[in-house]
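Chemist: I am sharing structure-v2.pdb, which consists of PDB, C-alpha atoms:
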```pdb
ATOM      1  CA  MET O   1     115.566 103.585 135.125
ATOM      2  CA  ARG O   2     112.461 101.620 134.175
ATOM      3  CA  SER O   3     113.073  98.958 131.525
ATOM      4  CA  THR O   4     111.025  98.945 128.336
ATOM      5  CA  PRO O   5     108.063  96.532 128.739
ATOM      6  CA  GLN O   6     107.821  93.520 126.476
ATOM      7  CA  PRO O   7     105.290  93.964 123.623
ATOM      8  CA  LEU O   8     103.128  90.918 124.306
ATOM      9  CA  GLU O   9      99.786  92.364 123.233
ATOM     10  CA  PRO O  10      98.232  94.121 120.200
ATOM     11  CA  LEU O  11      99.697  97.619 119.951
ATOM     12  CA  PHE O  12      97.603 100.707 119.167
ATOM     13  CA  PHE O  13      99.231 104.041 118.270
ATOM     14  CA  ASP O  14      98.624 107.777 118.377
ATOM     15  CA  ARG O  15      97.840 109.263 114.984
ATOM     16  CA  ILE O  16     100.253 111.637 113.174
ATOM     17  CA  SER O  17      98.521 114.143 110.856
ATOM     18  CA  LYS O  18     100.180 115.524 107.721
ATOM     19  CA  GLU O  19      98.810 118.678 106.094
ATOM     20  CA  LYS O  20      99.089 118.624 102.290
ATOM     21  CA  VAL O  21      98.144 121.039  99.525
ATOM     22  CA  TRP O  22      96.168 118.240  97.828
ATOM     23  CA  GLY O  23      94.407 117.034 101.000
ATOM     24  CA  GLY O  24      90.802 117.326 102.085
ATOM     25  CA  ASP O  25      88.703 117.068 105.243
ATOM     26  CA  ARG O  26      87.621 113.417 105.194
ATOM     27  CA  LEU O  27      90.336 112.245 107.588
ATOM     28  CA  VAL O  28      89.307 114.954 110.030
ATOM     29  CA  ARG O  29      85.640 113.963 109.776
ATOM     30  CA  MET O  30      86.145 110.192 109.603
ATOM     31  CA  LEU O  31      89.036 109.676 112.024
ATOM     32  CA  GLY O  32      89.097 112.838 114.088
ATOM     33  CA  ALA O  33      92.527 113.672 112.671
ATOM     34  CA  GLU O  34      93.970 116.986 113.819
ATOM     35  CA  SER O  35      94.807 119.862 111.490
ATOM     36  CA  PRO O  36      97.500 121.772 113.422
ATOM     37  CA  HIS O  37      97.479 124.834 111.148
ATOM     38  CA  GLY O  38      93.926 124.612 109.834
ATOM     39  CA  LEU O  39      95.147 123.336 106.457
ATOM     40  CA  PRO O  40      93.854 120.333 104.477
ATOM     41  CA  VAL O  41      94.935 116.987 105.941
ATOM     42  CA  GLY O  42      96.221 114.734 103.187
ATOM     43  CA  GLU O  43      97.704 111.897 105.223
ATOM     44  CA  THR O  44      97.660 110.350 108.649
ATOM     45  CA  TRP O  45     100.574 108.134 109.608
ATOM     46  CA  GLU O  46      99.085 105.378 111.701
ATOM     47  CA  LEU O  47     102.104 103.120 112.254
ATOM     48  CA  SER O  48     105.589 104.453 111.590
ATOM     49  CA  ASP O  49     109.208 103.810 112.524
ATOM     50  CA  ILE O  50     110.459 106.642 110.290
ATOM     51  CA  PRO O  51     113.004 108.963 112.002
ATOM     52  CA  ASN O  52     111.273 111.984 113.580
ATOM     53  CA  ASN O  53     107.893 110.348 112.925
ATOM     54  CA  GLU O  54     108.042 107.336 115.239
ATOM     55  CA  SER O  55     104.586 106.202 116.354
ATOM     56  CA  ARG O  56     103.816 106.279 120.079
ATOM     57  CA  VAL O  57     101.825 103.466 121.714
ATOM     58  CA  ARG O  58      98.335 104.368 122.905
ATOM     59  CA  GLY O  59      97.113 102.410 125.925
ATOM     60  CA  GLY O  60      98.109  98.982 127.218
ATOM     61  CA  GLU O  61     101.278  97.893 128.985
ATOM     62  CA  CYS O  62     103.531  99.738 126.500
ATOM     63  CA  ALA O  63     101.619 103.042 126.608
ATOM     64  CA  GLY O  64     103.827 106.051 125.919
ATOM     65  CA  TYR O  65     106.712 104.121 124.397
ATOM     66  CA  THR O  66     107.571 104.636 120.756
ATOM     67  CA  LEU O  67     107.777 101.918 118.152
ATOM     68  CA  ARG O  68     111.478 102.858 117.857
ATOM     69  CA  GLN O  69     112.039 102.153 121.563
ATOM     70  CA  LEU O  70     110.278  98.802 121.318
ATOM     71  CA  MET O  71     112.270  97.860 118.223
ATOM     72  CA  ALA O  72     115.507  98.825 119.978
ATOM     73  CA  SER O  73     114.794  96.641 122.997
ATOM     74  CA  HIS O  74     112.462  93.863 121.808
ATOM     75  CA  ALA O  75     112.702  93.588 118.009
ATOM     76  CA  HIS O  76     112.702  89.792 118.198
ATOM     77  CA  LEU O  77     109.301  89.814 119.919
ATOM     78  CA  LEU O  78     107.783  92.374 117.561
ATOM     79  CA  LEU O  79     109.124  90.864 114.350
ATOM     80  CA  GLY O  80     109.122  87.121 114.944
ATOM     81  CA  ARG O  81     110.196  85.773 111.565
ATOM     82  CA  SER O  82     109.714  89.121 109.778
ATOM     83  CA  ILE O  83     112.800  90.942 108.506
ATOM     84  CA  PRO O  84     113.635  94.529 109.551
ATOM     85  CA  THR O  85     114.622  97.130 106.972
ATOM     86  CA  ASN O  86     118.208  97.554 105.828
ATOM     87  CA  ASP O  87     118.608 100.272 108.462
ATOM     88  CA  GLY O  88     117.067  98.197 111.263
ATOM     89  CA  ARG O  89     113.590  99.747 111.312
ATOM     90  CA  PHE O  90     110.174  98.099 111.564
ATOM     91  CA  PRO O  91     109.514  97.004 107.964
ATOM     92  CA  LEU O  92     106.052  98.518 107.329
ATOM     93  CA  LEU O  93     104.532 102.004 107.342
ATOM     94  CA  ILE O  94     100.717 102.380 107.343
ATOM     95  CA  LYS O  95      98.907 105.548 106.240
ATOM     96  CA  PHE O  96      95.459 106.849 105.412
ATOM     97  CA  ILE O  97      95.459 109.166 102.382
ATOM     98  CA  ASP O  98      92.681 111.571 101.368
ATOM     99  CA  ALA O  99      93.295 112.985  97.895
ATOM    100  CA  LYS O 100      90.872 115.844  97.331
ATOM    101  CA  ASP O 101      93.179 116.937  94.506
ATOM    102  CA  ASP O 102      95.738 115.061  92.417
ATOM    103  CA  LEU O 103      99.015 114.044  94.048
ATOM    104  CA  SER O 104     102.240 114.604  92.136
ATOM    105  CA  VAL O 105     103.467 112.095  89.564
ATOM    106  CA  GLN O 106     106.278 110.358  91.397
ATOM    107  CA  ILE O 107     108.580 107.352  91.627
ATOM    108  CA  HIS O 108     110.142 105.594  94.607
ATOM    109  CA  PRO O 109     113.631 104.054  94.524
ATOM    110  CA  PRO O 110     114.363 100.357  95.091
ATOM    111  CA  ASP O 111     116.439  98.950  97.941
ATOM    112  CA  GLY O 112     120.114  99.808  97.554
ATOM    113  CA  PRO O 113     122.334 102.766  96.689
ATOM    114  CA  LYS O 114     119.680 104.783  94.823
ATOM    115  CA  SER O 115     117.816 105.265  98.113
ATOM    116  CA  PRO O 116     119.424 107.578 100.697
ATOM    117  CA  THR O 117     118.593 105.042 103.446
ATOM    118  CA  ARG O 118     119.199 101.995 101.195
ATOM    119  CA  VAL O 119     115.532 101.144 101.890
ATOM    120  CA  GLY O 120     113.232 101.161  98.870
ATOM    121  CA  LYS O 121     109.544 101.940  98.765
ATOM    122  CA  THR O 122     107.128  99.411  97.366
ATOM    123  CA  GLU O 123     103.543 100.156  98.398
ATOM    124  CA  ALA O 124      99.951  99.019  97.960
ATOM    125  CA  TRP O 125      96.730 101.030  97.974
ATOM    126  CA  PHE O 126      93.453  99.671  99.393
ATOM    127  CA  VAL O 127      90.622 101.952  98.286
ATOM    128  CA  LEU O 128      88.184 102.964 101.035
ATOM    129  CA  GLY O 129      86.201 105.426  98.965
ATOM    130  CA  ALA O 130      86.190 106.834  95.447
ATOM    131  CA  ASP O 131      84.190 109.476  93.634
ATOM    132  CA  PRO O 132      82.404 108.426  90.427
ATOM    133  CA  ASP O 133      84.968 108.020  87.633
ATOM    134  CA  ALA O 134      87.833 108.161  90.170
ATOM    135  CA  ALA O 135      91.198 106.813  89.049
ATOM    136  CA  VAL O 136      94.849 106.494  89.958
ATOM    137  CA  ILE O 137      97.960 106.466  87.802
ATOM    138  CA  CYS O 138     100.043 103.319  88.021
ATOM    139  CA  GLY O 139     102.732 102.801  85.436
ATOM    140  CA  LEU O 140     103.587 104.011  81.962
ATOM    141  CA  LEU O 141     101.766 102.952  78.832
ATOM    142  CA  GLN O 142     103.240  99.787  77.384
ATOM    143  CA  GLY O 143     106.219 100.506  75.124
ATOM    144  CA  THR O 144     107.173 103.883  76.593
ATOM    145  CA  THR O 145     110.925 104.414  76.135
ATOM    146  CA  PRO O 146     113.416 106.322  78.323
ATOM    147  CA  SER O 147     113.890 108.969  75.645
ATOM    148  CA  GLN O 148     110.116 109.491  75.338
ATOM    149  CA  LEU O 149     109.762 109.898  79.092
ATOM    150  CA  ARG O 150     112.717 112.299  79.337
ATOM    151  CA  ARG O 151     111.331 114.441  76.521
ATOM    152  CA  ALA O 152     107.813 114.463  77.978
ATOM    153  CA  SER O 153     109.168 115.391  81.410
ATOM    154  CA  ARG O 154     111.275 118.206  79.997
ATOM    155  CA  GLU O 155     108.320 119.592  78.042
ATOM    156  CA  GLY O 156     105.750 119.092  80.832
ATOM    157  CA  LYS O 157     103.695 116.714  78.664
ATOM    158  CA  LEU O 158     103.687 113.531  80.737
ATOM    159  CA  GLU O 159      99.968 112.849  80.791
ATOM    160  CA  PRO O 160      99.695 111.021  77.420
ATOM    161  CA  LEU O 161     102.259 108.451  78.648
ATOM    162  CA  LEU O 162     100.558 107.649  81.960
ATOM    163  CA  ASN O 163      98.459 104.543  82.650
ATOM    164  CA  ARG O 164      95.154 105.489  84.314
ATOM    165  CA  VAL O 165      93.411 102.840  86.423
ATOM    166  CA  ALA O 166      89.753 103.255  87.407
ATOM    167  CA  VAL O 167      89.176 102.374  91.083
ATOM    168  CA  LYS O 168      86.299 101.820  93.482
ATOM    169  CA  ARG O 169      85.937 100.822  97.136
ATOM    170  CA  GLY O 170      87.493  97.428  97.823
ATOM    171  CA  ASP O 171      90.076  97.652  95.033
ATOM    172  CA  VAL O 172      93.778  97.166  95.705
ATOM    173  CA  VAL O 173      96.631  98.421  93.512
ATOM    174  CA  PHE O 174     100.235  97.313  94.065
ATOM    175  CA  VAL O 175     102.924  99.890  93.232
ATOM    176  CA  PRO O 176     106.429  98.402  93.124
ATOM    177  CA  SER O 177     109.467 100.624  93.509
ATOM    178  CA  GLY O 178     110.421 102.122  90.149
ATOM    179  CA  GLN O 179     106.786 102.416  89.011
ATOM    180  CA  VAL O 180     105.566 105.860  87.911
ATOM    181  CA  HIS O 181     102.393 106.599  89.864
ATOM    182  CA  ALA O 182     100.001 109.154  91.345
ATOM    183  CA  ILE O 183      96.861 109.067  93.474
ATOM    184  CA  LEU O 184      94.297 111.297  91.783
ATOM    185  CA  GLY O 185      91.611 113.486  93.286
ATOM    186  CA  GLY O 186      88.517 111.869  94.766
ATOM    187  CA  VAL O 187      90.248 108.782  96.199
ATOM    188  CA  LEU O 188      90.440 107.802  99.877
ATOM    189  CA  LEU O 189      92.692 104.859 100.708
ATOM    190  CA  VAL O 190      94.863 102.927 103.113
ATOM    191  CA  GLU O 191      98.497 102.695 102.050
ATOM    192  CA  VAL O 192     100.664  99.791 103.194
ATOM    193  CA  GLN O 193     104.307 100.304 102.263
ATOM    194  CA  GLN O 194     107.919  99.643 103.048
ATOM    195  CA  SER O 195     109.237 101.765 105.873
ATOM    196  CA  SER O 196     110.602 104.616 103.749
ATOM    197  CA  ASP O 197     109.785 108.274 103.153
ATOM    198  CA  THR O 198     111.839 108.701  99.978
ATOM    199  CA  THR O 199     109.796 110.108  97.081
ATOM    200  CA  TYR O 200     111.064 111.591  93.824
ATOM    201  CA  ARG O 201     108.550 113.975  92.221
ATOM    202  CA  LEU O 202     108.633 113.942  88.453
ATOM    203  CA  TYR O 203     105.691 116.266  87.740
ATOM    204  CA  ASP O 204     103.337 118.301  89.950
ATOM    205  CA  TRP O 205     100.746 119.597  87.486
ATOM    206  CA  GLY O 206     102.275 123.114  87.581
ATOM    207  CA  ARG O 207     100.904 123.586  91.085
ATOM    208  CA  SER O 208     102.188 125.625  94.038
ATOM    209  CA  GLY O 209     102.506 124.104  97.476
ATOM    210  CA  VAL O 210     101.394 125.289 100.920
ATOM    211  CA  GLY O 211     102.096 129.031 101.175
ATOM    212  CA  GLY O 212     102.221 129.449  97.404
ATOM    213  CA  ILE O 213     105.755 128.073  97.102
ATOM    214  CA  ASP O 214     106.387 125.649  94.238
ATOM    215  CA  ARG O 215     107.098 122.154  95.507
ATOM    216  CA  GLU O 216     110.507 120.744  94.692
ATOM    217  CA  LEU O 217     110.807 118.363  91.750
ATOM    218  CA  HIS O 218     113.454 115.645  91.519
ATOM    219  CA  GLU O 219     113.478 115.028  87.781
ATOM    220  CA  GLN O 220     116.914 113.454  87.442
ATOM    221  CA  GLN O 221     116.598 111.214  90.534
ATOM    222  CA  ALA O 222     113.142 110.133  89.371
ATOM    223  CA  LEU O 223     114.255 109.311  85.832
ATOM    224  CA  ASP O 224     117.225 107.369  87.229
ATOM    225  CA  VAL O 225     114.998 104.914  89.150
ATOM    226  CA  VAL O 226     112.160 104.322  86.646
ATOM    227  CA  SER O 227     111.812 100.596  85.896
ATOM    228  CA  TYR O 228     110.728 100.373  82.257
ATOM    229  CA  HIS O 229     110.257  96.602  82.439
ATOM    230  CA  LEU O 230     107.280  96.917  84.820
ATOM    231  CA  SER O 231     103.851  96.272  83.355
ATOM    232  CA  PRO O 232     101.180  98.966  83.751
ATOM    233  CA  GLY O 233      99.391  98.568  87.078
ATOM    234  CA  VAL O 234      95.907  97.101  87.521
ATOM    235  CA  ALA O 235      93.232  97.181  90.222
ATOM    236  CA  VAL O 236      92.231  93.887  91.872
ATOM    237  CA  HIS O 237      88.923  93.760  93.726
ATOM    238  CA  ALA O 238      88.526  91.962  97.040
ATOM    239  CA  LYS O 239      86.664  88.682  96.488
ATOM    240  CA  TYR O 240      85.830  86.791  99.652
ATOM    241  CA  LYS O 241      86.096  83.066  99.048
ATOM    242  CA  GLU O 242      87.298  81.340 102.194
ATOM    243  CA  SER O 243      85.157  80.901 105.281
ATOM    244  CA  PHE O 244      86.807  79.987 108.569
ATOM    245  CA  ASP O 245      85.835  80.325 112.205
ATOM    246  CA  GLY O 246      83.496  83.307 111.918
ATOM    247  CA  ALA O 247      85.362  85.163 109.168
ATOM    248  CA  LEU O 248      85.713  85.458 105.402
ATOM    249  CA  SER O 249      89.076  86.259 103.819
ATOM    250  CA  ALA O 250      90.124  87.650 100.462
ATOM    251  CA  PRO O 251      93.811  87.433  99.490
ATOM    252  CA  LEU O 252      94.655  90.698  97.738
ATOM    253  CA  GLY O 253      98.203  90.043  96.584
ATOM    254  CA  SER O 254     101.766  89.948  97.750
ATOM    255  CA  CYS O 255     105.204  91.390  97.071
ATOM    256  CA  PRO O 256     108.654  90.598  98.464
ATOM    257  CA  TYR O 257     107.933  92.794 101.510
ATOM    258  CA  PHE O 258     104.357  92.058 102.596
ATOM    259  CA  ASP O 259     101.180  90.107 101.893
ATOM    260  CA  LEU O 260      97.748  91.773 101.931
ATOM    261  CA  THR O 261      94.480  90.114 102.929
ATOM    262  CA  ALA O 262      91.009  91.572 103.492
ATOM    263  CA  VAL O 263      89.056  89.937 106.335
ATOM    264  CA  GLN O 264      85.350  90.183 107.164
ATOM    265  CA  VAL O 265      84.603  89.132 110.740
ATOM    266  CA  ASN O 266      80.958  88.192 111.149
ATOM    267  CA  GLY O 267      81.149  86.307 114.445
ATOM    268  CA  PRO O 268      83.698  85.398 117.141
ATOM    269  CA  HIS O 269      86.916  84.703 115.241
ATOM    270  CA  LEU O 270      90.136  83.144 116.534
ATOM    271  CA  HIS O 271      92.977  84.648 114.510
ATOM    272  CA  ARG O 272      96.077  82.450 114.563
ATOM    273  CA  GLY O 273      99.482  84.007 114.050
ATOM    274  CA  SER O 274     102.061  82.839 111.531
ATOM    275  CA  GLY O 275     105.109  83.859 113.519
ATOM    276  CA  HIS O 276     105.412  87.060 111.467
ATOM    277  CA  ALA O 277     104.564  90.590 112.550
ATOM    278  CA  SER O 278     101.320  91.839 111.036
ATOM    279  CA  THR O 279      99.263  95.011 110.923
ATOM    280  CA  LEU O 280      95.474  95.097 111.068
ATOM    281  CA  THR O 281      93.616  98.177 109.836
ATOM    282  CA  VAL O 282      89.920  98.535 110.669
ATOM    283  CA  THR O 283      88.319  99.521 107.360
ATOM    284  CA  ALA O 284      84.670  99.237 108.504
ATOM    285  CA  GLY O 285      82.636  98.305 111.553
ATOM    286  CA  SER O 286      83.749  97.911 115.138
ATOM    287  CA  GLY O 287      84.307  95.283 117.792
ATOM    288  CA  VAL O 288      86.790  94.003 120.364
ATOM    289  CA  VAL O 289      90.146  92.237 120.218
ATOM    290  CA  GLU O 290      90.986  89.979 123.158
ATOM    291  CA  ASP O 291      93.316  87.207 124.302
ATOM    292  CA  PRO O 292      91.683  83.751 124.623
ATOM    293  CA  CYS O 293      94.090  83.108 127.534
ATOM    294  CA  ASN O 294      93.456  86.483 129.211
ATOM    295  CA  ASN O 295      97.112  87.564 129.102
ATOM    296  CA  PHE O 296      96.153  91.111 128.058
ATOM    297  CA  GLN O 297      93.113  93.316 128.538
ATOM    298  CA  PRO O 298      90.458  93.403 125.766
ATOM    299  CA  ARG O 299      90.628  96.496 123.542
ATOM    300  CA  GLU O 300      87.895  98.162 121.532
ATOM    301  CA  LEU O 301      88.302  98.373 117.763
ATOM    302  CA  ARG O 302      86.765 101.139 115.674
ATOM    303  CA  MET O 303      87.022 102.479 112.150
ATOM    304  CA  GLY O 304      90.531 103.753 111.439
ATOM    305  CA  ASP O 305      92.359 101.854 114.174
ATOM    306  CA  VAL O 306      95.659 100.339 113.045
ATOM    307  CA  VAL O 307      96.936  97.567 115.288
ATOM    308  CA  LEU O 308     100.368  95.940 115.283
ATOM    309  CA  ILE O 309     100.237  92.253 116.153
ATOM    310  CA  PRO O 310     103.696  91.201 117.389
ATOM    311  CA  GLY O 311     105.119  88.108 115.737
ATOM    312  CA  VAL O 312     105.390  86.415 119.129
ATOM    313  CA  LEU O 313     101.581  86.329 119.586
ATOM    314  CA  ASP O 314     100.236  83.001 118.361
ATOM    315  CA  GLN O 315      96.517  83.797 118.652
ATOM    316  CA  ILE O 316      94.030  86.584 119.336
ATOM    317  CA  ARG O 317      90.236  86.670 119.168
ATOM    318  CA  PHE O 318      87.979  89.195 117.465
ATOM    319  CA  LEU O 319      84.429  89.845 118.650
ATOM    320  CA  PRO O 320      82.564  92.008 116.121
ATOM    321  CA  ASP O 321      79.676  94.287 116.972
ATOM    322  CA  ALA O 322      76.301  93.751 115.297
ATOM    323  CA  SER O 323      77.444  95.620 112.194
ATOM    324  CA  GLY O 324      80.445  93.313 111.710
ATOM    325  CA  LEU O 325      84.111  94.127 111.425
ATOM    326  CA  GLU O 326      86.260  94.537 108.302
ATOM    327  CA  LEU O 327      90.053  94.382 108.520
ATOM    328  CA  LEU O 328      92.981  94.811 106.164
ATOM    329  CA  GLU O 329      95.884  92.599 107.226
ATOM    330  CA  GLY O 330      99.433  93.401 106.177
ATOM    331  CA  LEU O 331     101.782  90.515 106.928
ATOM    332  CA  ALA O 332     105.417  91.631 107.064
ATOM    333  CA  ARG O 333     107.684  89.236 105.174
TER     334      ARG O 333
END
```
Taking this structure as input, can you express it in the form of structure tokens?
Modeler:
Amino acid sequence: MRSTPQPLEPLFFDRISKEKVWGGDRLVRMLGAESPHGLPVGETWELSDIPNNESRVRGGECAGYTLRQLMASHAHLLLGRSIPTNDGRFPLLIKFIDAKDDLSVQIHPPDGPKSPTRVGKTEAWFVLGADPDAAVICGLLQGTTPSQLRRASREGKLEPLLNRVAVKRGDVVFVPSGQVHAILGGVLLVEVQQSSDTTYRLYDWGRSGVGGIDRELHEQQALDVVSYHLSPGVAVHAKYKESFDGALSAPLGSCPYFDLTAVQVNGPHLHRGSGHASTLTVTAGSGVVEDPCNNFQPRELRMGDVVLIPGVLDQIRFLPDASGLELLEGLAR
């Protein structure tokens, strides 16, 4: 039996499409995402170690192997100093989300017993596109009490308690576990999150799901994990300040699970590793990623590619095309 190859190069993955009642057609047009049943595509999972949704490597020495197989055999090479989830999975999940309509108002549990996998779900949204006056919901209005939220949920009158945040391209919004939130219609984004698929829907706008069946709500589980001490969320815009070796960087924020940085590559750029696993999402432009020491074959980069850089790799080089190359880096803690 052939042994699993060592992941000693940037890893590209096959895309997993998710049809959603609130989805649109931008991921089909922009990324070539498939719509298996001809329904709106709301999400594509670009890098996942979630059970039954494990990403499969596209091209390179590890082609055809799943992220789960590589984690099982070579986690130390993939992760470096990064920490796996409580259930031993790769710590990050990367998605594109196209909200043609409003997503449900929902909450994610923290790490621990309130999550069925003991893995929580803190996430961050990097906005790729937004209609005029587009917004997201992130948090409750300051001073909202548990009794007010329970009453509003019971009566279907949540909206006056929700904190709306206007967003535009280049904004990032962090959503810690326990924060009430919703992506609203007209927003296209990249989501970087803990490796969890646990979501508790509190309110779904009175809407039916695919096939006309009402989507399940999880009112009690949701109310049990709301963190009332969290401040209402805000949008932070990418501001490029540092210039180094052919690139500009804009730190976007951090949480206990990952750091986010936007990078503009305007010329040949040597990207040095930190010993941690990282993900790189191409948010604009195109180019090539290569090894300065020629240990792996150069790979083309294009809009929508999500690349896993194993923690063991200490350097890679980016060569942008004439239009430049924009990346969103998620560094796994």
Chemist: Go through range 149-251 of chain O and flag each residue having an atom no more than 12 Å from range 274-283 of chain O; for those, report the closest pair of atoms plus their distance in Å to one decimal, using all atoms listed in the file, ordered by chain and rising number, as JSON lines.
Modeler:
```
{"residue": "O:Arg169", "atom": "CA", "partner": "O:Thr283", "partner_atom": "CA", "distance": 10.6}
{"residue": "O:Gly170", "atom": "CA", "partner": "O:Thr283", "partner_atom": "CA", "distance": 9.8}
{"residue": "O:Leu188", "atom": "CA", "partner": "O:Thr283", "partner_atom": "CA", "distance": 11.4}
{"residue": "O:Leu189", "atom": "CA", "partner": "O:Thr283", "partner_atom": "CA", "distance": 9.6}
{"residue": "O:Val190", "atom": "CA", "partner": "O:Thr281", "partner_atom": "CA", "distance": 8.3}
{"residue": "O:Glu191", "atom": "CA", "partner": "O:Thr281", "partner_atom": "CA", "distance": 10.2}
{"residue": "O:Val192", "atom": "CA", "partner": "O:Thr279", "partner_atom": "CA", "distance": 9.2}
{"residue": "O:Gln193", "atom": "CA", "partner": "O:Thr279", "partner_atom": "CA", "distance": 11.3}
```
Chemist: Which residues, written as a ChimeraX atom specification, have at least one atom at most 12 Å from Asn294 in chain O, with all atoms listed in the file counted and residues fewer than 3 positions away on the same chain left out?
Modeler: /O:8-9,289-291,297-299,315-317
Chemist: Quick one: residues within 10 Å of Thr85 in chain O, all atoms listed in the file, excluding same-chain residues fewer than 6 positions away - as an NGL selection string?
Modeler: :O and (91-92 or 111 or 117-120 or 194-196 or 257)
Chemist: Just checking: using all atoms listed in the file, which residue out of O:Ala134, O:Val175, O:Val288, O:Cys255 ends up closest to Phe318 in chain O?
Modeler: O:Val288
Chemist: Excluding range 53-55 of chain O and its own-chain neighbours fewer than 4 positions away, which residues fall within 9 Å of it when counting only C-alpha atoms? Please give them as a ChimeraX atom specification.
Modeler: /O:13-16,45-49,65-68
Chemist: So, with all atoms listed in the file as the atoms that count, which of O:Gly267, O:Pro113, O:Pro10, O:Pro36 lies closest to Cys62 in chain O?
Modeler: O:Pro10
Chemist: Could you give me the axis-aligned bounding box of range 24-38 of chain O, with 4 Å of padding per side, as centre plus edge lengths in Å to one decimal, as JSON?
Modeler:
```
{"center_x": 91.6, "center_y": 117.3, "center_z": 108.1, "size_x": 19.9, "size_y": 23.2, "size_z": 20.0}
```
Chemist: Hey, which of O:Asp101, O:Glu326, O:Glu61, O:Glu155 ends up closest to Gly304 in chain O? Count all atoms listed in the file.
Modeler: O:Glu326
Chemist: Carefully work through the PyMOL selection byres ((chain O and resi 200) around 12) for this structure and note down the residues it includes, as a PyMOL selection string.
Modeler: chain O and resi 104-110+114-116+120-121+177-182+197-199+201-204+215-226
